[in-house]
$ cat target31.cif   # mmCIF, N, CA, C and O atoms
data_protein
loop_
_atom_site.group_PDB
_atom_site.id
_atom_site.type_symbol
_atom_site.label_atom_id
_atom_site.label_comp_id
_atom_site.auth_asym_id
_atom_site.auth_seq_id
_atom_site.Cartn_x
_atom_site.Cartn_y
_atom_site.Cartn_z
ATOM 1 N N MET A 1 -29.472 31.487 -33.596
ATOM 2 C CA MET A 1 -29.835 30.256 -32.913
ATOM 3 C C MET A 1 -31.260 30.380 -32.370
ATOM 4 O O MET A 1 -31.626 31.406 -31.829
ATOM 5 N N SER A 2 -31.965 29.304 -32.495
ATOM 6 C CA SER A 2 -33.325 29.309 -31.971
ATOM 7 C C SER A 2 -33.314 28.990 -30.476
ATOM 8 O O SER A 2 -32.287 28.597 -29.911
ATOM 9 N N ARG A 3 -34.442 29.190 -29.880
ATOM 10 C CA ARG A 3 -34.556 28.935 -28.442
ATOM 11 C C ARG A 3 -34.279 27.463 -28.130
ATOM 12 O O ARG A 3 -33.649 27.131 -27.129
ATOM 13 N N ARG A 4 -34.725 26.592 -29.015
ATOM 14 C CA ARG A 4 -34.504 25.158 -28.823
ATOM 15 C C ARG A 4 -33.014 24.817 -28.868
ATOM 16 O O ARG A 4 -32.528 23.969 -28.119
ATOM 17 N N ASP A 5 -32.263 25.438 -29.752
ATOM 18 C CA ASP A 5 -30.815 25.220 -29.834
ATOM 19 C C ASP A 5 -30.111 25.674 -28.562
ATOM 20 O O ASP A 5 -29.186 25.016 -28.077
ATOM 21 N N ILE A 6 -30.514 26.816 -28.029
ATOM 22 C CA ILE A 6 -29.903 27.344 -26.807
ATOM 23 C C ILE A 6 -30.175 26.410 -25.632
ATOM 24 O O ILE A 6 -29.265 26.097 -24.848
ATOM 25 N N ILE A 7 -31.409 25.927 -25.514
ATOM 26 C CA ILE A 7 -31.746 25.008 -24.427
ATOM 27 C C ILE A 7 -30.928 23.720 -24.559
ATOM 28 O O ILE A 7 -30.392 23.203 -23.575
ATOM 29 N N GLY A 8 -30.786 23.203 -25.768
ATOM 30 C CA GLY A 8 -29.980 22.000 -25.993
ATOM 31 C C GLY A 8 -28.525 22.212 -25.626
ATOM 32 O O GLY A 8 -27.892 21.339 -25.026
ATOM 33 N N ALA A 9 -27.967 23.358 -25.973
ATOM 34 C CA ALA A 9 -26.573 23.664 -25.646
ATOM 35 C C ALA A 9 -26.381 23.768 -24.133
ATOM 36 O O ALA A 9 -25.372 23.291 -23.590
ATOM 37 N N VAL A 10 -27.329 24.391 -23.440
ATOM 38 C CA VAL A 10 -27.248 24.518 -21.977
ATOM 39 C C VAL A 10 -27.333 23.145 -21.326
ATOM 40 O O VAL A 10 -26.568 22.829 -20.402
ATOM 41 N N VAL A 11 -28.239 22.295 -21.803
ATOM 42 C CA VAL A 11 -28.366 20.950 -21.243
ATOM 43 C C VAL A 11 -27.071 20.160 -21.450
ATOM 44 O O VAL A 11 -26.593 19.487 -20.538
ATOM 45 N N LEU A 12 -26.494 20.249 -22.639
ATOM 46 C CA LEU A 12 -25.232 19.557 -22.897
ATOM 47 C C LEU A 12 -24.100 20.087 -22.021
ATOM 48 O O LEU A 12 -23.283 19.311 -21.511
ATOM 49 N N ALA A 13 -24.040 21.397 -21.831
ATOM 50 C CA ALA A 13 -22.995 21.978 -20.983
ATOM 51 C C ALA A 13 -23.147 21.525 -19.535
ATOM 52 O O ALA A 13 -22.160 21.167 -18.881
ATOM 53 N N VAL A 14 -24.380 21.524 -19.030
ATOM 54 C CA VAL A 14 -24.618 21.083 -17.652
ATOM 55 C C VAL A 14 -24.261 19.604 -17.501
ATOM 56 O O VAL A 14 -23.634 19.199 -16.520
ATOM 57 N N LEU A 15 -24.615 18.797 -18.486
ATOM 58 C CA LEU A 15 -24.298 17.373 -18.446
ATOM 59 C C LEU A 15 -22.785 17.154 -18.463
ATOM 60 O O LEU A 15 -22.264 16.326 -17.704
ATOM 61 N N LEU A 16 -22.079 17.906 -19.290
ATOM 62 C CA LEU A 16 -20.624 17.791 -19.351
ATOM 63 C C LEU A 16 -19.980 18.190 -18.025
ATOM 64 O O LEU A 16 -19.068 17.514 -17.537
ATOM 65 N N ILE A 17 -20.432 19.266 -17.436
ATOM 66 C CA ILE A 17 -19.895 19.709 -16.143
ATOM 67 C C ILE A 17 -20.193 18.671 -15.062
ATOM 68 O O ILE A 17 -19.334 18.341 -14.239
ATOM 69 N N PHE A 18 -21.395 18.125 -15.070
ATOM 70 C CA PHE A 18 -21.786 17.105 -14.090
ATOM 71 C C PHE A 18 -20.912 15.863 -14.215
ATOM 72 O O PHE A 18 -20.386 15.346 -13.223
ATOM 73 N N LEU A 19 -20.725 15.373 -15.433
ATOM 74 C CA LEU A 19 -19.899 14.186 -15.639
ATOM 75 C C LEU A 19 -18.430 14.461 -15.319
ATOM 76 O O LEU A 19 -17.724 13.590 -14.803
ATOM 77 N N GLY A 20 -17.959 15.668 -15.614
ATOM 78 C CA GLY A 20 -16.596 16.039 -15.242
ATOM 79 C C GLY A 20 -16.413 16.058 -13.733
ATOM 80 O O GLY A 20 -15.386 15.627 -13.213
ATOM 81 N N GLY A 21 -17.425 16.542 -13.010
ATOM 82 C CA GLY A 21 -17.364 16.541 -11.549
ATOM 83 C C GLY A 21 -17.326 15.127 -10.991
ATOM 84 O O GLY A 21 -16.580 14.842 -10.046
ATOM 85 N N ILE A 22 -18.115 14.235 -11.582
ATOM 86 C CA ILE A 22 -18.084 12.839 -11.141
ATOM 87 C C ILE A 22 -16.711 12.229 -11.407
ATOM 88 O O ILE A 22 -16.172 11.493 -10.573
ATOM 89 N N LEU A 23 -16.117 12.538 -12.549
ATOM 90 C CA LEU A 23 -14.792 12.010 -12.876
ATOM 91 C C LEU A 23 -13.739 12.495 -11.879
ATOM 92 O O LEU A 23 -12.920 11.705 -11.398
ATOM 93 N N VAL A 24 -13.763 13.768 -11.549
ATOM 94 C CA VAL A 24 -12.798 14.313 -10.578
ATOM 95 C C VAL A 24 -13.033 13.685 -9.210
ATOM 96 O O VAL A 24 -12.090 13.308 -8.511
ATOM 97 N N TRP A 25 -14.287 13.540 -8.808
ATOM 98 C CA TRP A 25 -14.608 12.960 -7.503
ATOM 99 C C TRP A 25 -14.196 11.492 -7.438
ATOM 100 O O TRP A 25 -13.738 11.008 -6.407
ATOM 101 N N THR A 26 -14.303 10.776 -8.550
ATOM 102 C CA THR A 26 -13.946 9.357 -8.588
ATOM 103 C C THR A 26 -12.451 9.159 -8.411
ATOM 104 O O THR A 26 -12.021 8.246 -7.704
ATOM 105 N N PHE A 27 -11.652 9.992 -9.045
ATOM 106 C CA PHE A 27 -10.208 9.815 -9.013
ATOM 107 C C PHE A 27 -9.516 10.767 -8.035
ATOM 108 O O PHE A 27 -8.329 11.030 -8.177
ATOM 109 N N ALA A 28 -10.234 11.257 -7.041
ATOM 110 C CA ALA A 28 -9.629 12.149 -6.051
ATOM 111 C C ALA A 28 -8.597 11.377 -5.236
ATOM 112 O O ALA A 28 -8.749 10.185 -4.978
ATOM 113 N N ARG A 29 -7.566 12.053 -4.826
ATOM 114 C CA ARG A 29 -6.515 11.398 -4.048
ATOM 115 C C ARG A 29 -7.072 10.961 -2.708
ATOM 116 O O ARG A 29 -7.849 11.677 -2.083
ATOM 117 N N PRO A 30 -6.663 9.810 -2.243
ATOM 118 C CA PRO A 30 -7.164 9.330 -0.951
ATOM 119 C C PRO A 30 -6.615 10.175 0.189
ATOM 120 O O PRO A 30 -5.492 10.668 0.126
ATOM 121 N N SER A 31 -7.419 10.341 1.215
ATOM 122 C CA SER A 31 -6.954 11.089 2.374
ATOM 123 C C SER A 31 -6.291 10.113 3.339
ATOM 124 O O SER A 31 -6.549 8.916 3.331
ATOM 125 N N GLY A 32 -5.438 10.612 4.170
ATOM 126 C CA GLY A 32 -4.735 9.768 5.127
ATOM 127 C C GLY A 32 -3.343 9.439 4.625
ATOM 128 O O GLY A 32 -2.896 9.863 3.568
ATOM 129 N N SER A 33 -2.640 8.646 5.424
ATOM 130 C CA SER A 33 -1.271 8.307 5.069
ATOM 131 C C SER A 33 -1.256 7.247 3.970
ATOM 132 O O SER A 33 -2.133 6.400 3.886
ATOM 133 N N ILE A 34 -0.252 7.335 3.134
ATOM 134 C CA ILE A 34 -0.085 6.387 2.043
ATOM 135 C C ILE A 34 0.997 5.394 2.460
ATOM 136 O O ILE A 34 2.091 5.786 2.859
ATOM 137 N N HIS A 35 0.671 4.098 2.376
ATOM 138 C CA HIS A 35 1.627 3.094 2.818
ATOM 139 C C HIS A 35 2.663 2.807 1.734
ATOM 140 O O HIS A 35 2.463 3.088 0.566
ATOM 141 N N ASP A 36 3.759 2.208 2.164
ATOM 142 C CA ASP A 36 4.839 1.843 1.266
ATOM 143 C C ASP A 36 4.383 0.678 0.384
ATOM 144 O O ASP A 36 3.753 -0.257 0.870
ATOM 145 N N PRO A 37 4.700 0.684 -0.897
ATOM 146 C CA PRO A 37 4.260 -0.412 -1.767
ATOM 147 C C PRO A 37 4.772 -1.782 -1.332
ATOM 148 O O PRO A 37 4.134 -2.793 -1.583
ATOM 149 N N LYS A 38 5.929 -1.843 -0.672
ATOM 150 C CA LYS A 38 6.448 -3.150 -0.256
ATOM 151 C C LYS A 38 5.603 -3.763 0.863
ATOM 152 O O LYS A 38 5.718 -4.950 1.135
ATOM 153 N N ASP A 39 4.743 -2.974 1.501
ATOM 154 C CA ASP A 39 3.847 -3.499 2.528
ATOM 155 C C ASP A 39 2.536 -4.022 1.944
ATOM 156 O O ASP A 39 1.697 -4.531 2.676
ATOM 157 N N SER A 40 2.387 -3.943 0.637
ATOM 158 C CA SER A 40 1.162 -4.379 -0.017
ATOM 159 C C SER A 40 1.041 -5.895 0.030
ATOM 160 O O SER A 40 2.013 -6.624 -0.174
ATOM 161 N N ILE A 41 -0.159 -6.398 0.272
ATOM 162 C CA ILE A 41 -0.386 -7.837 0.309
ATOM 163 C C ILE A 41 -0.118 -8.460 -1.052
ATOM 164 O O ILE A 41 0.362 -9.599 -1.145
ATOM 165 N N PHE A 42 -0.363 -7.731 -2.133
ATOM 166 C CA PHE A 42 -0.128 -8.252 -3.474
ATOM 167 C C PHE A 42 1.363 -8.418 -3.748
ATOM 168 O O PHE A 42 1.786 -9.410 -4.352
ATOM 169 N N VAL A 43 2.168 -7.465 -3.282
ATOM 170 C CA VAL A 43 3.614 -7.554 -3.467
ATOM 171 C C VAL A 43 4.168 -8.705 -2.635
ATOM 172 O O VAL A 43 4.990 -9.492 -3.115
ATOM 173 N N ARG A 44 3.708 -8.839 -1.396
ATOM 174 C CA ARG A 44 4.186 -9.945 -0.558
ATOM 175 C C ARG A 44 3.838 -11.297 -1.174
ATOM 176 O O ARG A 44 4.669 -12.205 -1.193
ATOM 177 N N GLN A 45 2.613 -11.439 -1.687
ATOM 178 C CA GLN A 45 2.206 -12.704 -2.293
ATOM 179 C C GLN A 45 3.017 -12.982 -3.553
ATOM 180 O O GLN A 45 3.398 -14.118 -3.813
ATOM 181 N N ARG A 46 3.322 -11.949 -4.334
ATOM 182 C CA ARG A 46 4.140 -12.131 -5.542
ATOM 183 C C ARG A 46 5.526 -12.594 -5.175
ATOM 184 O O ARG A 46 6.102 -13.462 -5.845
ATOM 185 N N ILE A 47 6.121 -12.049 -4.116
ATOM 186 C CA ILE A 47 7.444 -12.465 -3.665
ATOM 187 C C ILE A 47 7.423 -13.912 -3.236
ATOM 188 O O ILE A 47 8.315 -14.703 -3.561
ATOM 189 N N ILE A 48 6.394 -14.318 -2.493
ATOM 190 C CA ILE A 48 6.250 -15.720 -2.063
ATOM 191 C C ILE A 48 6.155 -16.625 -3.292
ATOM 192 O O ILE A 48 6.815 -17.679 -3.340
ATOM 193 N N ASN A 49 5.359 -16.232 -4.273
ATOM 194 C CA ASN A 49 5.218 -17.046 -5.482
ATOM 195 C C ASN A 49 6.534 -17.144 -6.265
ATOM 196 O O ASN A 49 6.871 -18.203 -6.800
ATOM 197 N N LEU A 50 7.279 -16.051 -6.321
ATOM 198 C CA LEU A 50 8.584 -16.082 -7.005
ATOM 199 C C LEU A 50 9.555 -16.980 -6.274
ATOM 200 O O LEU A 50 10.341 -17.697 -6.903
ATOM 201 N N GLN A 51 9.537 -16.947 -4.950
ATOM 202 C CA GLN A 51 10.418 -17.804 -4.182
ATOM 203 C C GLN A 51 10.057 -19.281 -4.380
ATOM 204 O O GLN A 51 10.929 -20.134 -4.458
ATOM 205 N N LYS A 52 8.774 -19.577 -4.462
ATOM 206 C CA LYS A 52 8.329 -20.963 -4.689
ATOM 207 C C LYS A 52 8.761 -21.446 -6.062
ATOM 208 O O LYS A 52 9.185 -22.597 -6.223
ATOM 209 N N SER A 53 8.674 -20.595 -7.067
ATOM 210 C CA SER A 53 9.015 -21.010 -8.421
ATOM 211 C C SER A 53 10.522 -21.141 -8.605
ATOM 212 O O SER A 53 10.965 -21.857 -9.500
ATOM 213 N N ALA A 54 11.324 -20.481 -7.780
ATOM 214 C CA ALA A 54 12.777 -20.546 -7.896
ATOM 215 C C ALA A 54 13.312 -21.843 -7.305
ATOM 216 O O ALA A 54 14.423 -22.257 -7.625
ATOM 217 N N GLN A 55 12.552 -22.504 -6.483
ATOM 218 C CA GLN A 55 13.031 -23.732 -5.829
ATOM 219 C C GLN A 55 12.899 -24.922 -6.705
ATOM 220 O O GLN A 55 12.242 -25.094 -7.608
#

$ encode --input "target31.cif" --output "structure tokens"
Amino acid sequence: MSRRDIIGAVVLAVLLIFLGGILVWTFARPSGSIHDPKDSIFVRQRIINLQKSAQ
């Protein structure tokens, strides 16, 4: 391998590690308490809409 190939491989490896770190940081679990799904505003609104459509 030439010097240029080695530099290209190192740059690609660093870029891959950097993007992998961003991916892990983006999807990290939230800190704090996790609320019950039935307390979600979206679930409550869906229930209201279902009740309206049943009438």

$ atom_distance --input "target31.cif" --atom1 "atom N of Ile48 of chain A" --atom2 "atom N of Ser33 of chain A"
25.9 Å

$ atom_distance --input "target31.cif" --atom1 "atom CA of Arg3 of chain A" --atom2 "atom CA of Leu16 of chain A"
20.0 Å

$ atom_distance --input "target31.cif" --atom1 "atom C of Leu50 of chain A" --atom2 "atom C of Lys38 of chain A"
15.5 Å

$ select_by_dssp --input "target31.cif" --residues "chain A" --states "helix (DSSP H, G or I)" --output "ChimeraX atom specification"
/A:3-26,37-39,41-54

$ build_atoms --input "target31.cif" --residues "segment 2-13 of chain A" --atoms "all heavy atoms" --output "compact mmCIF listing (two decimals), in the coordinates of the input"
# COMPACT_ATOMS: atom_id res chain seq x y z
N SER A 2 -31.96 29.30 -32.49
CA SER A 2 -33.33 29.31 -31.97
C SER A 2 -33.31 28.99 -30.48
O SER A 2 -32.29 28.60 -29.91
CB SER A 2 -34.17 28.27 -32.71
OG SER A 2 -33.74 26.97 -32.39
N ARG A 3 -34.44 29.19 -29.88
CA ARG A 3 -34.56 28.94 -28.44
C ARG A 3 -34.28 27.46 -28.13
O ARG A 3 -33.65 27.13 -27.13
CB ARG A 3 -35.96 29.33 -27.98
CG ARG A 3 -36.16 29.15 -26.51
CD ARG A 3 -37.53 29.61 -26.11
NE ARG A 3 -37.74 29.30 -24.70
CZ ARG A 3 -38.53 29.96 -23.92
NH1 ARG A 3 -39.20 30.98 -24.39
NH2 ARG A 3 -38.66 29.62 -22.67
N ARG A 4 -34.72 26.59 -29.02
CA ARG A 4 -34.50 25.16 -28.82
C ARG A 4 -33.01 24.82 -28.87
O ARG A 4 -32.53 23.97 -28.12
CB ARG A 4 -35.27 24.41 -29.90
CG ARG A 4 -35.31 22.94 -29.70
CD ARG A 4 -36.22 22.29 -30.71
NE ARG A 4 -36.33 20.89 -30.43
CZ ARG A 4 -37.23 20.10 -30.94
NH1 ARG A 4 -38.13 20.59 -31.76
NH2 ARG A 4 -37.26 18.83 -30.67
N ASP A 5 -32.26 25.44 -29.75
CA ASP A 5 -30.82 25.22 -29.83
C ASP A 5 -30.11 25.67 -28.56
O ASP A 5 -29.19 25.02 -28.08
CB ASP A 5 -30.23 25.97 -31.03
CG ASP A 5 -30.67 25.39 -32.36
OD1 ASP A 5 -31.05 24.20 -32.40
OD2 ASP A 5 -30.63 26.14 -33.36
N ILE A 6 -30.51 26.82 -28.03
CA ILE A 6 -29.90 27.34 -26.81
C ILE A 6 -30.18 26.41 -25.63
O ILE A 6 -29.26 26.10 -24.85
CB ILE A 6 -30.41 28.77 -26.52
CG1 ILE A 6 -29.93 29.72 -27.61
CG2 ILE A 6 -29.95 29.24 -25.15
CD1 ILE A 6 -30.54 31.10 -27.54
N ILE A 7 -31.41 25.93 -25.51
CA ILE A 7 -31.75 25.01 -24.43
C ILE A 7 -30.93 23.72 -24.56
O ILE A 7 -30.39 23.20 -23.58
CB ILE A 7 -33.27 24.71 -24.42
CG1 ILE A 7 -34.03 25.96 -24.01
CG2 ILE A 7 -33.58 23.56 -23.48
CD1 ILE A 7 -35.55 25.82 -24.15
N GLY A 8 -30.79 23.20 -25.77
CA GLY A 8 -29.98 22.00 -25.99
C GLY A 8 -28.52 22.21 -25.63
O GLY A 8 -27.89 21.34 -25.03
N ALA A 9 -27.97 23.36 -25.97
CA ALA A 9 -26.57 23.66 -25.65
C ALA A 9 -26.38 23.77 -24.13
O ALA A 9 -25.37 23.29 -23.59
CB ALA A 9 -26.15 24.95 -26.33
N VAL A 10 -27.33 24.39 -23.44
CA VAL A 10 -27.25 24.52 -21.98
C VAL A 10 -27.33 23.14 -21.33
O VAL A 10 -26.57 22.83 -20.40
CB VAL A 10 -28.34 25.47 -21.44
CG1 VAL A 10 -28.43 25.40 -19.93
CG2 VAL A 10 -28.07 26.89 -21.91
N VAL A 11 -28.24 22.30 -21.80
CA VAL A 11 -28.37 20.95 -21.24
C VAL A 11 -27.07 20.16 -21.45
O VAL A 11 -26.59 19.49 -20.54
CB VAL A 11 -29.58 20.21 -21.87
CG1 VAL A 11 -29.56 18.74 -21.54
CG2 VAL A 11 -30.88 20.85 -21.41
N LEU A 12 -26.49 20.25 -22.64
CA LEU A 12 -25.23 19.56 -22.90
C LEU A 12 -24.10 20.09 -22.02
O LEU A 12 -23.28 19.31 -21.51
CB LEU A 12 -24.86 19.68 -24.37
CG LEU A 12 -25.65 18.81 -25.33
CD1 LEU A 12 -25.25 19.10 -26.77
CD2 LEU A 12 -25.46 17.34 -25.01
N ALA A 13 -24.04 21.40 -21.83
CA ALA A 13 -23.00 21.98 -20.98
C ALA A 13 -23.15 21.52 -19.54
O ALA A 13 -22.16 21.17 -18.88
CB ALA A 13 -23.04 23.50 -21.08
